[in-house]
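Colleague: Quick one, start_17.tsv (TSV, C-alpha atoms):
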```tsv
chain	number	residue	atom	x	y	z
O	1	MET	CA	123.48	101.94	71.77
O	2	LYS	CA	121.98	98.53	72.42
O	3	LYS	CA	120.86	97.86	75.99
O	4	LYS	CA	122.82	95.06	77.62
O	5	THR	CA	120.81	92.34	79.34
O	6	LYS	CA	122.05	90.20	82.17
O	7	GLU	CA	122.81	86.65	81.08
O	8	GLU	CA	120.87	84.02	83.00
O	9	PRO	CA	122.89	81.41	84.89
O	10	SER	CA	123.42	78.31	82.73
O	11	TRP	CA	121.84	76.04	85.37
O	12	GLN	CA	118.60	78.06	85.55
O	13	GLY	CA	117.05	76.48	82.47
O	14	HIS	CA	117.51	72.99	83.93
O	15	ASN	CA	116.42	73.59	87.51
O	16	PRO	CA	112.79	72.45	87.89
O	17	LEU	CA	112.28	74.89	90.77
O	18	TRP	CA	112.51	77.85	88.36
O	19	GLN	CA	109.27	76.78	86.69
O	20	ILE	CA	105.75	77.84	87.62
O	21	HIS	CA	102.99	75.27	87.31
O	22	GLN	CA	99.24	75.77	87.39
O	23	LEU	CA	97.21	72.75	88.45
O	24	PRO	CA	93.54	72.27	89.29
O	25	PHE	CA	93.41	71.43	92.98
O	26	MET	CA	90.38	72.29	95.08
O	27	SER	CA	86.68	72.66	94.30
O	28	GLY	CA	84.83	75.93	94.72
O	29	PRO	CA	82.57	74.53	97.46
O	30	ARG	CA	85.60	73.33	99.47
O	31	CYS	CA	87.22	76.77	99.11
O	32	GLU	CA	83.97	78.40	100.26
O	33	GLU	CA	83.90	76.10	103.32
O	34	ILE	CA	87.48	77.00	104.27
O	35	ILE	CA	86.82	80.73	103.80
O	36	LYS	CA	83.59	80.58	105.83
O	37	LYS	CA	85.33	78.83	108.74
O	38	ALA	CA	88.31	81.17	108.56
O	39	LEU	CA	86.14	84.31	108.54
O	40	ALA	CA	84.25	83.03	111.60
O	41	SER	CA	87.50	82.97	113.58
O	42	THR	CA	88.85	85.72	115.82
O	43	LYS	CA	92.46	84.53	115.38
O	44	TRP	CA	93.35	86.68	112.36
O	45	THR	CA	96.69	88.44	112.59
O	46	THR	CA	98.75	91.00	110.68
O	47	THR	CA	102.03	90.51	112.54
O	48	ARG	CA	103.28	87.04	111.58
O	49	HIS	CA	105.43	88.16	108.64
O	50	ASN	CA	107.90	91.00	109.11
O	51	ASN	CA	108.88	91.88	105.54
O	52	TYR	CA	105.63	91.09	103.73
O	53	PRO	CA	102.82	91.24	106.30
O	54	THR	CA	99.39	89.93	105.40
O	55	ASN	CA	96.03	89.79	107.14
O	56	ASP	CA	96.04	86.03	107.66
O	57	ILE	CA	95.15	83.08	109.85
O	58	PRO	CA	97.18	79.86	110.15
O	59	VAL	CA	95.21	76.86	108.89
O	60	ALA	CA	95.85	75.12	112.23
O	61	ASP	CA	94.00	77.96	114.02
O	62	ILE	CA	90.78	77.56	112.03
O	63	GLU	CA	88.29	75.72	114.21
O	64	GLU	CA	86.58	72.59	112.90
O	65	LEU	CA	88.74	72.53	109.77
O	66	ASP	CA	90.66	69.41	108.81
O	67	MET	CA	92.90	69.96	105.82
O	68	SER	CA	95.24	67.02	106.51
O	69	GLU	CA	94.33	65.21	103.26
O	70	GLU	CA	94.76	68.36	101.16
O	71	LEU	CA	98.09	69.12	102.82
O	72	LYS	CA	99.34	65.60	102.04
O	73	GLU	CA	98.18	66.02	98.46
O	74	ILE	CA	99.98	69.38	98.17
O	75	SER	CA	103.19	67.71	99.33
O	76	CYS	CA	102.83	64.93	96.75
O	77	LEU	CA	101.89	67.35	93.96
O	78	CYS	CA	104.91	69.55	94.62
O	79	MET	CA	107.31	66.62	94.67
O	80	ASP	CA	105.81	64.96	91.56
O	81	THR	CA	105.43	68.18	89.56
O	82	TYR	CA	109.04	69.21	90.11
O	83	GLY	CA	110.44	65.70	89.71
O	84	LEU	CA	111.79	65.55	93.25
O	85	SER	CA	112.08	62.55	95.55
O	86	GLY	CA	111.23	62.37	99.22
O	87	THR	CA	108.54	64.30	101.04
O	88	ALA	CA	107.85	68.03	101.01
O	89	VAL	CA	107.50	69.32	104.56
O	90	LEU	CA	104.77	71.94	104.67
O	91	PHE	CA	105.08	74.87	107.01
O	92	ASP	CA	103.39	78.21	107.42
O	93	THR	CA	100.10	77.21	105.81
O	94	PHE	CA	97.60	80.03	106.11
O	95	VAL	CA	94.58	81.76	104.61
O	96	VAL	CA	95.08	85.36	103.51
O	97	LYS	CA	92.34	87.98	103.44
O	98	TYR	CA	92.66	90.83	100.96
O	99	ALA	CA	90.30	93.79	100.68
O	100	THR	CA	89.79	96.38	97.95
O	101	ASP	CA	89.66	99.10	100.61
O	102	GLY	CA	92.73	97.78	102.45
O	103	GLN	CA	95.54	95.44	101.52
O	104	ASP	CA	94.62	94.20	98.06
O	105	LYS	CA	97.83	92.49	96.97
O	106	LEU	CA	101.20	91.17	98.02
O	107	ASN	CA	104.28	92.36	96.19
O	108	ILE	CA	106.49	89.81	94.47
O	109	HIS	CA	109.05	88.54	96.93
O	110	ARG	CA	111.21	85.60	97.95
O	111	ASP	CA	110.25	83.95	101.21
O	112	SER	CA	112.05	81.29	103.24
O	113	SER	CA	110.70	78.26	101.34
O	114	GLU	CA	112.08	76.54	98.29
O	115	ILE	CA	108.59	75.88	96.90
O	116	SER	CA	105.45	77.94	97.42
O	117	PHE	CA	101.99	76.54	96.78
O	118	VAL	CA	99.44	79.29	96.28
O	119	LEU	CA	95.75	78.49	95.97
O	120	PRO	CA	93.98	81.63	94.75
O	121	TYR	CA	90.21	81.69	95.00
O	122	VAL	CA	87.86	84.43	93.95
O	123	SER	CA	84.17	83.88	94.51
O	124	THR	CA	81.98	84.46	91.50
O	125	SER	CA	78.95	85.15	93.69
```
For the file at hand, write its structure as structure tokens.
Modeller:
Amino acid sequence: MKKKTKEEPSWQGHNPLWQIHQLPFMSGPRCEEIIKKALASTKWTTTRHNNYPTNDIPVADIEELDMSEELKEISCLCMDTYGLSGTAVLFDTFVVKYATDGQDKLNIHRDSSEISFVLPYVSTS
């Protein structure tokens, strides 16, 4: 007997939000700077997200870090990439810390935003 598969909604193929895009965004040295400043902070938390908790720090809580230009660029990139008009309002911007001997991943999930911008960085040093 052939296994039946669920038919995708007809609108899914035309909705730009169903697509995943990979774009070059930030240099390694800038990522290293952000990580260094974040790790120097004592404001890390594990209680900000109920369903999918992470060991994280809000970008706004990282001392001597100005990401205003990058955040504007993220907004523009999201709108342009998905062919949307207007301005993307960014919220809940944070740095996540994973560890091989602790939390080393985040399960696939749906959060409260329409668009998520994830900037993974793994140091080669």
Colleague: List as a PyMOL selection string the protein and nucleic acid residues near Thr42 of chain O, meaning an atom at most 12 Å away when only C-alpha atoms are counted, but skip any in the same chain fewer than 5 places from it.
Modeller: chain O and resi 37+55-58+61-63
Colleague: Using only C-alpha atoms for the distances, tell me which of O:Asp80, O:Val122, O:Ile74, O:Asn51 is nearest to Ile108 of chain O.
Modeller: O:Asn51
Colleague: Find the residues around Lys36 of chain O up to 12 Å (all atoms listed in the file counted), leave out those fewer than 2 positions away in its own chain, and share them as a VMD selection string.
Modeller: chain O and resid 29 to 34 38 to 41 62 to 65 95 97 123
Colleague: Residues as selected, C-alpha atoms, written as a tab-separated table (two decimals), in the frame of the given file, can you do that?
Modeller:
```
chain	number	residue	atom	x	y	z
O	29	PRO	CA	82.57	74.53	97.46
O	30	ARG	CA	85.60	73.33	99.47
O	31	CYS	CA	87.22	76.77	99.11
O	32	GLU	CA	83.97	78.40	100.26
O	33	GLU	CA	83.90	76.10	103.32
O	34	ILE	CA	87.48	77.00	104.27
O	38	ALA	CA	88.31	81.17	108.56
O	39	LEU	CA	86.14	84.31	108.54
O	40	ALA	CA	84.25	83.03	111.60
O	41	SER	CA	87.50	82.97	113.58
O	62	ILE	CA	90.78	77.56	112.03
O	63	GLU	CA	88.29	75.72	114.21
O	64	GLU	CA	86.58	72.59	112.90
O	65	LEU	CA	88.74	72.53	109.77
O	95	VAL	CA	94.58	81.76	104.61
O	97	LYS	CA	92.34	87.98	103.44
O	123	SER	CA	84.17	83.88	94.51
```
Colleague: Could you tell me how far atom CA of Asp104 of chain O lies from atom CA of Glu73 of chain O, in Å and to one decimal?
Modeller: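 Between these atoms lies a distance of 28.4 Å.
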Colleague: As an exercise, work out the distance from atom CA of Val96 of chain O to atom CA of Thr54 of chain O in Å and give it to one decimal place.
Modeller: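 It comes out at 6.6 Å.
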Colleague: Using only C-alpha atoms, which of O:Ser68, O:Ser85, O:Thr93, O:Gln103 sits nearest Leu119 of chain O?
Modeller: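 Checking each of O:Ser68, O:Ser85, O:Thr93, O:Gln103 against Leu119 of chain O, counting only C-alpha atoms, the winner is O:Thr93.
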Colleague: Find the distance between atom CA of Val59 of chain O and atom CA of Leu23 of chain O and write it in Å to one decimal.
Modeller: 20.9 Å
Colleague: From (106.1, 80.7, 114.2), in the file's coordinates, out to 10 Å: which residues are reached, counting all atoms listed in the file? Answer as number ranges by chain.
Modeller: O: 48-49, 58, 91-92
Colleague: Which of these, O:Phe117, O:Trp44, O:Phe94, O:Tyr52, has the shortest distance to Leu77 of chain O once you count all atoms listed in the file?
Modeller: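 Smallest separation from Leu77 of chain O among the options: O:Phe117.
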Colleague: Restricting the calculation to only C-alpha atoms, which member of O:Tyr98, O:Ser116, O:Thr45, O:Lys105 is positioned closest to Ser75 of chain O?
Modeller: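 Checking each candidate against Ser75 of chain O, we get O:Ser116 as the closest.
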Colleague: Could you name the residues that touch Glu114 of chain O at 10 Å or less, counting all atoms listed in the file, but leaving out those on the same chain fewer than 4 positions away, as a PyMOL selection string?
Modeller: chain O and resi 17+88+110
Colleague: Counting all atoms listed in the file, which residue out of O:His21, O:Cys78, O:Leu84, O:Lys72 sits closest to Ile115 of chain O?
Modeller: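 For Ile115 of chain O, the nearest of the candidates is O:Cys78.
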Colleague: Give the centre and edge lengths of an axis-aligned box, in Å to one decimal, that holds all listed atoms of segment 85-88 of chain O with 5 Å on each side, as AutoDock Vina command-line options.
Modeller:
```
--center_x 110.0 --center_y 65.2 --center_z 98.3 --size_x 14.2 --size_y 15.7 --size_z 15.5
```
Colleague: Find the residue from O:Tyr121, O:Thr81, O:Asp111, O:Ala99 that sits nearest to Gln22 of chain O; use only C-alpha atoms when measuring.
Modeller: O:Thr81
